[in-house]
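> Structure: start_7.cif, mmCIF, C-alpha atoms.
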data_my_file
loop_
_atom_site.label_atom_id
_atom_site.label_comp_id
_atom_site.auth_asym_id
_atom_site.auth_seq_id
_atom_site.Cartn_x
_atom_site.Cartn_y
_atom_site.Cartn_z
CA MET A 1 -21.53 7.58 -15.11
CA PRO A 2 -19.72 4.64 -13.51
CA GLU A 3 -22.11 1.70 -13.44
CA LEU A 4 -22.14 -1.41 -11.26
CA PRO A 5 -19.11 -3.13 -12.87
CA GLU A 6 -17.02 0.04 -12.51
CA VAL A 7 -18.06 0.42 -8.87
CA GLU A 8 -17.35 -3.25 -8.15
CA THR A 9 -13.94 -2.87 -9.81
CA THR A 10 -13.27 0.13 -7.56
CA ARG A 11 -14.33 -1.83 -4.47
CA ALA A 12 -12.06 -4.73 -5.35
CA GLY A 13 -9.20 -2.34 -6.04
CA VAL A 14 -9.30 -0.37 -2.79
CA ALA A 15 -10.40 -3.09 -0.34
CA PRO A 16 -7.01 -4.84 0.09
CA HIS A 17 -5.32 -1.50 0.82
CA VAL A 18 -7.73 -0.24 3.47
CA ALA A 19 -9.07 -3.34 5.25
CA GLY A 20 -7.56 -3.58 8.73
CA GLN A 21 -6.08 -0.09 8.57
CA ARG A 22 -6.66 2.60 11.19
CA VAL A 23 -7.68 6.09 10.09
CA ARG A 24 -5.33 8.88 11.09
CA THR A 25 -7.31 11.85 9.83
CA VAL A 26 -9.98 12.93 7.38
CA ILE A 27 -9.50 16.03 5.23
CA VAL A 28 -12.57 17.57 3.61
CA ARG A 29 -11.63 20.32 1.15
CA GLN A 30 -15.00 20.58 -0.58
CA PRO A 31 -17.95 19.85 1.74
CA GLN A 32 -20.61 20.49 -0.88
CA LEU A 33 -20.98 17.57 -3.27
CA ARG A 34 -24.35 16.31 -4.51
CA TRP A 35 -25.30 16.44 -0.85
CA PRO A 36 -23.18 18.00 1.91
CA VAL A 37 -20.41 15.72 3.16
CA SER A 38 -21.41 14.49 6.62
CA GLU A 39 -19.79 16.78 9.18
CA ALA A 40 -19.39 13.80 11.51
CA LEU A 41 -17.07 12.08 9.02
CA ALA A 42 -14.01 14.17 9.86
CA ARG A 43 -14.92 14.26 13.55
CA ASP A 44 -15.76 10.62 14.25
CA LEU A 45 -13.86 8.45 11.74
CA PRO A 46 -10.25 9.27 12.82
CA GLY A 47 -8.96 6.66 15.24
CA GLN A 48 -11.28 3.95 13.93
CA THR A 49 -10.29 0.88 11.95
CA ILE A 50 -11.73 0.10 8.51
CA HIS A 51 -12.72 -3.56 8.63
CA GLY A 52 -13.83 -4.09 5.04
CA VAL A 53 -15.49 -2.66 1.95
CA GLN A 54 -18.82 -3.79 0.56
CA ARG A 55 -20.91 -2.62 -2.37
CA ARG A 56 -24.66 -2.04 -2.37
CA ALA A 57 -25.91 -1.07 -5.82
CA LYS A 58 -23.55 1.76 -6.84
CA TYR A 59 -22.70 2.69 -3.24
CA LEU A 60 -19.51 1.65 -1.47
CA LEU A 61 -19.75 0.93 2.26
CA PHE A 62 -16.56 1.12 4.35
CA ALA A 63 -17.24 -0.64 7.66
CA ALA A 64 -15.54 1.05 10.65
CA ASP A 65 -15.79 0.52 14.42
CA THR A 66 -18.93 2.58 15.04
CA GLY A 67 -20.39 3.16 11.58
CA HIS A 68 -19.99 3.08 7.82
CA VAL A 69 -18.63 5.51 5.26
CA CYS A 70 -21.17 5.46 2.43
CA LEU A 71 -19.69 6.71 -0.84
CA HIS A 72 -21.21 7.20 -4.30
CA LEU A 73 -18.96 8.06 -7.24
CA GLY A 74 -21.61 10.17 -8.96
CA MET A 75 -20.98 10.99 -12.62
CA SER A 76 -17.23 11.52 -12.61
CA GLY A 77 -15.94 10.47 -9.20
CA ARG A 78 -12.64 8.64 -8.81
CA LEU A 79 -11.44 6.84 -5.72
CA ARG A 80 -7.74 6.03 -5.48
CA VAL A 81 -5.29 4.74 -2.90
CA VAL A 82 -2.19 6.96 -2.98
CA PRO A 83 0.72 7.82 -0.66
CA ALA A 84 -0.28 10.25 2.09
CA ASP A 85 2.12 12.91 0.81
CA THR A 86 0.69 12.93 -2.75
CA PRO A 87 0.24 16.56 -3.92
CA VAL A 88 -3.32 17.78 -4.14
CA ASP A 89 -4.84 18.09 -7.62
CA LYS A 90 -7.85 20.05 -8.73
CA HIS A 91 -11.10 18.37 -7.65
CA ASP A 92 -9.42 16.29 -4.89
CA HIS A 93 -12.23 16.90 -2.43
CA VAL A 94 -11.81 14.36 0.38
CA ASP A 95 -8.84 12.41 1.80
CA ILE A 96 -9.08 9.59 4.33
CA VAL A 97 -5.50 9.28 5.61
CA LEU A 98 -4.49 5.92 7.08
CA GLU A 99 -1.84 5.20 9.69
CA ASN A 100 0.19 3.15 7.18
CA ASP A 101 0.91 6.44 5.32
CA ALA A 102 -1.49 5.63 2.50
CA MET A 103 -4.73 7.47 1.90
CA LEU A 104 -8.02 7.05 0.18
CA ARG A 105 -8.53 10.08 -2.10
CA PHE A 106 -11.86 11.06 -3.65
CA ASN A 107 -11.71 13.24 -6.76
CA ASP A 108 -14.92 14.45 -8.37
CA ALA A 109 -14.83 17.08 -11.11
CA ARG A 110 -18.60 17.40 -11.46
CA ARG A 111 -19.33 17.10 -7.72
CA PHE A 112 -22.23 14.68 -8.21
CA GLY A 113 -20.76 12.15 -5.81
CA SER A 114 -21.60 11.85 -2.13
CA LEU A 115 -20.04 10.89 1.21
CA PHE A 116 -22.11 10.05 4.27
CA TRP A 117 -21.21 8.81 7.75
CA LEU A 118 -23.81 6.25 8.83
CA THR A 119 -24.13 5.14 12.44
CA GLY A 120 -27.26 3.02 11.99
CA LYS A 121 -27.78 -0.05 9.86
CA PRO A 122 -26.84 0.80 6.24
CA GLU A 123 -29.94 -0.94 4.89
CA ALA A 124 -32.09 1.56 6.81
CA PHE A 125 -30.40 4.60 5.22
CA PRO A 126 -33.01 6.32 3.01
CA LEU A 127 -30.90 6.09 -0.16
CA LEU A 128 -30.48 2.32 0.32
CA ALA A 129 -33.73 1.31 2.00
CA ARG A 130 -35.89 0.82 -1.10
CA LEU A 131 -33.40 -0.78 -3.43
CA GLY A 132 -34.14 -4.02 -5.23
CA PRO A 133 -31.94 -7.13 -5.16
CA GLU A 134 -28.39 -7.32 -6.40
CA PRO A 135 -28.37 -8.74 -9.95
CA LEU A 136 -25.59 -11.21 -9.13
CA SER A 137 -27.25 -12.48 -5.94
CA ASP A 138 -29.46 -15.51 -5.40
CA ASP A 139 -32.40 -13.16 -4.77
CA PHE A 140 -32.52 -12.17 -8.44
CA ASP A 141 -33.89 -14.36 -11.21
CA GLY A 142 -36.51 -14.49 -13.94
CA ALA A 143 -39.28 -15.34 -11.48
CA TRP A 144 -38.54 -12.14 -9.56
CA LEU A 145 -38.74 -10.06 -12.75
CA LYS A 146 -41.94 -11.77 -13.83
CA ALA A 147 -43.60 -11.14 -10.47
CA ARG A 148 -42.57 -7.49 -10.33
CA SER A 149 -43.66 -6.84 -13.92
CA ALA A 150 -47.30 -7.91 -13.49
CA GLY A 151 -49.58 -5.28 -15.02
CA ARG A 152 -46.69 -2.98 -15.90
CA ARG A 153 -47.03 -1.12 -19.21
CA THR A 154 -43.66 0.58 -18.98
CA ALA A 155 -40.99 -0.39 -21.51
CA VAL A 156 -38.95 -3.36 -20.34
CA LYS A 157 -35.72 -1.36 -20.67
CA ALA A 158 -36.97 1.25 -18.21
CA PHE A 159 -38.30 -1.56 -16.01
CA ILE A 160 -34.93 -3.29 -15.58
CA MET A 161 -33.20 0.08 -15.03
CA ASP A 162 -35.51 0.79 -12.08
CA ALA A 163 -33.38 0.35 -8.93
CA ALA A 164 -36.48 -0.73 -7.00
CA VAL A 165 -36.73 -3.73 -9.36
CA VAL A 166 -33.03 -4.63 -9.56
CA VAL A 167 -30.00 -2.49 -8.79
CA GLY A 168 -27.08 -1.63 -11.00
CA VAL A 169 -28.50 -2.26 -14.48
CA GLY A 170 -27.53 1.02 -16.10
CA ASN A 171 -28.09 2.12 -19.67
CA ILE A 172 -25.15 0.35 -21.27
CA TYR A 173 -25.78 -2.99 -19.62
CA ALA A 174 -29.55 -2.82 -20.11
CA CYS A 175 -29.00 -2.45 -23.86
CA GLU A 176 -26.52 -5.32 -23.90
CA ALA A 177 -28.66 -7.67 -21.79
CA LEU A 178 -31.79 -7.06 -23.85
CA HIS A 179 -29.86 -7.70 -27.03
CA ALA A 180 -28.41 -10.91 -25.60
CA ALA A 181 -31.90 -12.08 -24.57
CA GLY A 182 -33.46 -11.06 -27.90
CA ILE A 183 -36.05 -8.79 -26.28
CA HIS A 184 -37.13 -5.49 -27.85
CA PRO A 185 -36.48 -2.64 -25.39
CA ARG A 186 -39.91 -1.07 -26.00
CA ARG A 187 -41.87 -4.24 -25.23
CA ALA A 188 -44.22 -3.70 -22.27
CA ALA A 189 -42.74 -5.22 -19.13
CA GLY A 190 -46.04 -6.86 -18.22
CA ARG A 191 -46.29 -8.67 -21.55
CA ILE A 192 -43.13 -10.73 -21.37
CA SER A 193 -43.29 -14.45 -20.60
CA ALA A 194 -41.67 -16.18 -17.65
CA ALA A 195 -39.33 -18.02 -20.02
CA ARG A 196 -38.14 -14.80 -21.64
CA TYR A 197 -37.63 -13.20 -18.22
CA ALA A 198 -35.52 -16.20 -17.23
CA ALA A 199 -33.38 -15.57 -20.32
CA LEU A 200 -33.17 -11.86 -19.52
CA ALA A 201 -32.12 -12.43 -15.91
CA ALA A 202 -29.42 -14.82 -17.10
CA ALA A 203 -28.27 -12.26 -19.69
CA ILE A 204 -28.08 -9.51 -17.05
CA ARG A 205 -25.96 -11.76 -14.83
CA ARG A 206 -23.69 -12.75 -17.71
CA VAL A 207 -23.21 -9.24 -19.10
CA LEU A 208 -22.44 -7.73 -15.70
CA GLY A 209 -20.14 -10.60 -14.77
CA GLU A 210 -18.18 -10.27 -17.98
CA ALA A 211 -17.89 -6.51 -17.54
CA ILE A 212 -16.60 -6.90 -13.97
CA ALA A 213 -14.01 -9.41 -15.17
CA VAL A 214 -12.49 -6.86 -17.56
CA GLY A 215 -12.79 -3.81 -15.32
CA GLY A 216 -15.99 -2.27 -16.65
CA THR A 217 -16.71 -0.08 -19.65
CA THR A 218 -14.71 3.08 -20.21
CA LEU A 219 -16.91 5.97 -21.30
CA ARG A 220 -16.05 9.64 -20.81
CA ASP A 221 -14.66 10.21 -17.30
CA TYR A 222 -14.37 6.79 -15.69
CA ILE A 223 -10.87 5.57 -14.79
CA GLY A 224 -10.21 2.78 -12.32
CA VAL A 225 -8.41 2.84 -8.99
CA ASN A 226 -4.96 2.21 -10.46
CA GLY A 227 -5.45 4.48 -13.46
CA ASP A 228 -6.42 1.67 -15.82
CA THR A 229 -9.50 1.78 -18.02
CA GLY A 230 -12.06 -0.95 -18.50
CA TYR A 231 -12.21 -3.04 -21.65
CA PHE A 232 -15.81 -4.25 -21.87
CA GLN A 233 -16.49 -1.63 -24.55
CA LEU A 234 -14.42 -3.78 -26.91
CA SER A 235 -17.12 -6.48 -26.81
CA LEU A 236 -20.30 -4.36 -26.89
CA ALA A 237 -22.86 -5.96 -29.18
CA ALA A 238 -25.41 -3.13 -29.35
CA TYR A 239 -24.60 -0.07 -27.26
CA GLY A 240 -23.01 2.74 -29.27
CA ARG A 241 -23.11 0.72 -32.51
CA GLU A 242 -25.83 2.61 -34.39
CA GLY A 243 -25.72 1.74 -38.09
CA GLN A 244 -23.25 -1.09 -37.61
CA PRO A 245 -24.26 -4.69 -38.36
CA CYS A 246 -25.86 -6.72 -35.61
CA PRO A 247 -23.38 -9.42 -34.48
CA ARG A 248 -26.05 -12.00 -35.38
CA GLY A 249 -25.96 -10.82 -38.99
CA CYS A 250 -29.51 -9.44 -39.00
CA GLY A 251 -28.92 -5.89 -40.18
CA PRO A 252 -27.90 -2.53 -38.71
CA ILE A 253 -28.23 -1.62 -35.05
CA ARG A 254 -30.82 1.10 -34.48
CA ARG A 255 -30.75 3.93 -31.94
CA GLU A 256 -33.90 5.35 -30.35
CA VAL A 257 -34.54 7.38 -27.21
CA ILE A 258 -36.46 5.44 -24.55
CA GLY A 259 -37.04 7.03 -21.17
CA GLN A 260 -34.78 9.94 -22.18
CA ARG A 261 -31.84 7.57 -22.70
CA SER A 262 -30.16 6.51 -25.93
CA THR A 263 -31.15 2.92 -26.59
CA PHE A 264 -29.41 0.64 -29.07
CA PHE A 265 -31.01 -2.55 -30.37
CA CYS A 266 -31.50 -4.78 -33.39
CA PRO A 267 -35.04 -4.39 -34.80
CA VAL A 268 -34.81 -7.83 -36.41
CA CYS A 269 -33.68 -10.24 -33.71
CA GLN A 270 -35.07 -8.33 -30.71
CA THR A 271 -38.81 -8.85 -30.59
#
Translate the structure described by the file into structure tokens.

Amino acid sequence: MPELPEVETTRAGVAPHVAGQRVRTVIVRQPQLRWPVSEALARDLPGQTIHGVQRRAKYLLFAADTGHVCLHLGMSGRLRVVPADTPVDKHDHVDIVLENDAMLRFNDARRFGSLFWLTGKPEAFPLLARLGPEPLSDDFDGAWLKARSAGRRTAVKAFIMDAAVVVGVGNIYACEALHAAGIHPRRAAGRISAARYAALAAAIRRVLGEAIAVGGTTLRDYIGVNGDTGYFQLSLAAYGREGQPCPRGCGPIRREVIGQRSTFFCPVCQT
């Protein structure tokens, strides 16, 4: 599934092409994705101008005159800017055609993505209302993690993957951040010191920032806006490296299932 760096890479890729452009028409070929595509999208968006693109967690928000298009890539979704006369491929479910003869095309083989038309404040939308802070914002730090973890017995890996605690820390980046901070993924969230949470928050920021800089991590279906793939997988220290030596020279990386997700860590340097 595309994680925060992949979604941010998508946002940065499409934003220059759509900001300031007026929508000519919206074509919905497949209205049933993870949730039904908002019927109002094709009715109300044409004729409006897209003023910018923001990201909230793994959602993209396209600001128009009277509302926002709220898009989630799901497990295999791809969002591209292509010429308006580009032939339709299998799984091309939604087109937002612009008056400059370009269009925003959403392709989703597994149909786990979603498209909503929001006329109220985006932060009040049920899927966005209870989200935690952005990991790269000033609202997120070790003190926030320490406060939210009080009394929590859940494994710290599951804790930092909880979107109500902090958004966008998916499985890959949770493994990498915990390895960078030297924290065992099974350690109880409520039994981690303030100093170690400060290190973990810094590691989360660093890992996500580095992944964004190289276009994310390419696993399975994800391909960026321009067809390129991300390169962060070339610098993974723990994820997917079961049996390979820890970069710190401790011994082999171990794989265990925590919270139904494959978890990779070094049993020596992560305590």
> For a test of reading the model, state the distance in Å between CA of Ile253 (chain A) and CA of Cys266 (chain A), rounded to one decimal.
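Result for CA of Ile253 (chain A) versus CA of Cys266 (chain A): 4.8 Å, one decimal.
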> Between CA of Pro46 (chain A) and CA of Ile96 (chain A), what distance in Å does the model show, to one decimal?
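We find that CA of Pro46 (chain A) and CA of Ile96 (chain A) lie 8.6 Å from each other.
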> Applying 8 Å and only C-alpha atoms, which residues near region 191-206 of chain A remain after dropping the ones on its own chain fewer than 2 positions away? List them as number ranges by chain.
A: 135-136, 140-143, 145-146, 153, 169, 173-174, 177-178, 180-181, 183, 187-189, 208-210
> Report, in Å with one decimal, the straight-line distance from CA of Leu4 (chain A) to CA of Ile50 (chain A).
22.4 Å
> Tell me which residues the PyMOL selection byres ((chain A and resi 95) around 9) grabs here, as a list in words.
Thr25, Val26, Ile27, Val28, Arg29, Ala84, Asp92, His93, Val94, Ile96, Val97, Met103, Leu104, Arg105 and Phe106 of chain A
> Write out, as a tab-separated table, each residue of region 2-44 of chain A that has an atom at most 12 Å from region 56-63 of chain A, together with the closest pair of atoms and their distance in Å to one decimal, counting only C-alpha atoms, rows going by chain and rising number.

residue	atom	partner	partner_atom	distance
A:Pro2	CA	A:Lys58	CA	8.2
A:Glu3	CA	A:Lys58	CA	6.8
A:Leu4	CA	A:Lys58	CA	5.6
A:Pro5	CA	A:Lys58	CA	8.9
A:Glu6	CA	A:Lys58	CA	8.8
A:Val7	CA	A:Lys58	CA	6.0
A:Glu8	CA	A:Lys58	CA	8.1
A:Thr9	CA	A:Leu60	CA	11.0
A:Thr10	CA	A:Leu60	CA	8.9
A:Arg11	CA	A:Leu60	CA	6.9
A:Ala12	CA	A:Leu60	CA	10.5
A:Gly13	CA	A:Leu60	CA	12.0
A:Val14	CA	A:Phe62	CA	10.3
A:Ala15	CA	A:Phe62	CA	8.8
A:Val18	CA	A:Phe62	CA	9.0
A:Ala19	CA	A:Phe62	CA	8.8
A:Gly20	CA	A:Ala63	CA	10.2
A:Gln21	CA	A:Ala63	CA	11.2
A:Arg22	CA	A:Ala63	CA	11.6
A:Val23	CA	A:Phe62	CA	11.7
A:Leu41	CA	A:Phe62	CA	11.9
> Which residue out of A:Glu176, A:Pro252, A:Val257, A:Gly168 has the minimum interatomic distance to Leu236 (chain A) when all atoms listed in the file are used?
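Closest candidate: A:Glu176.
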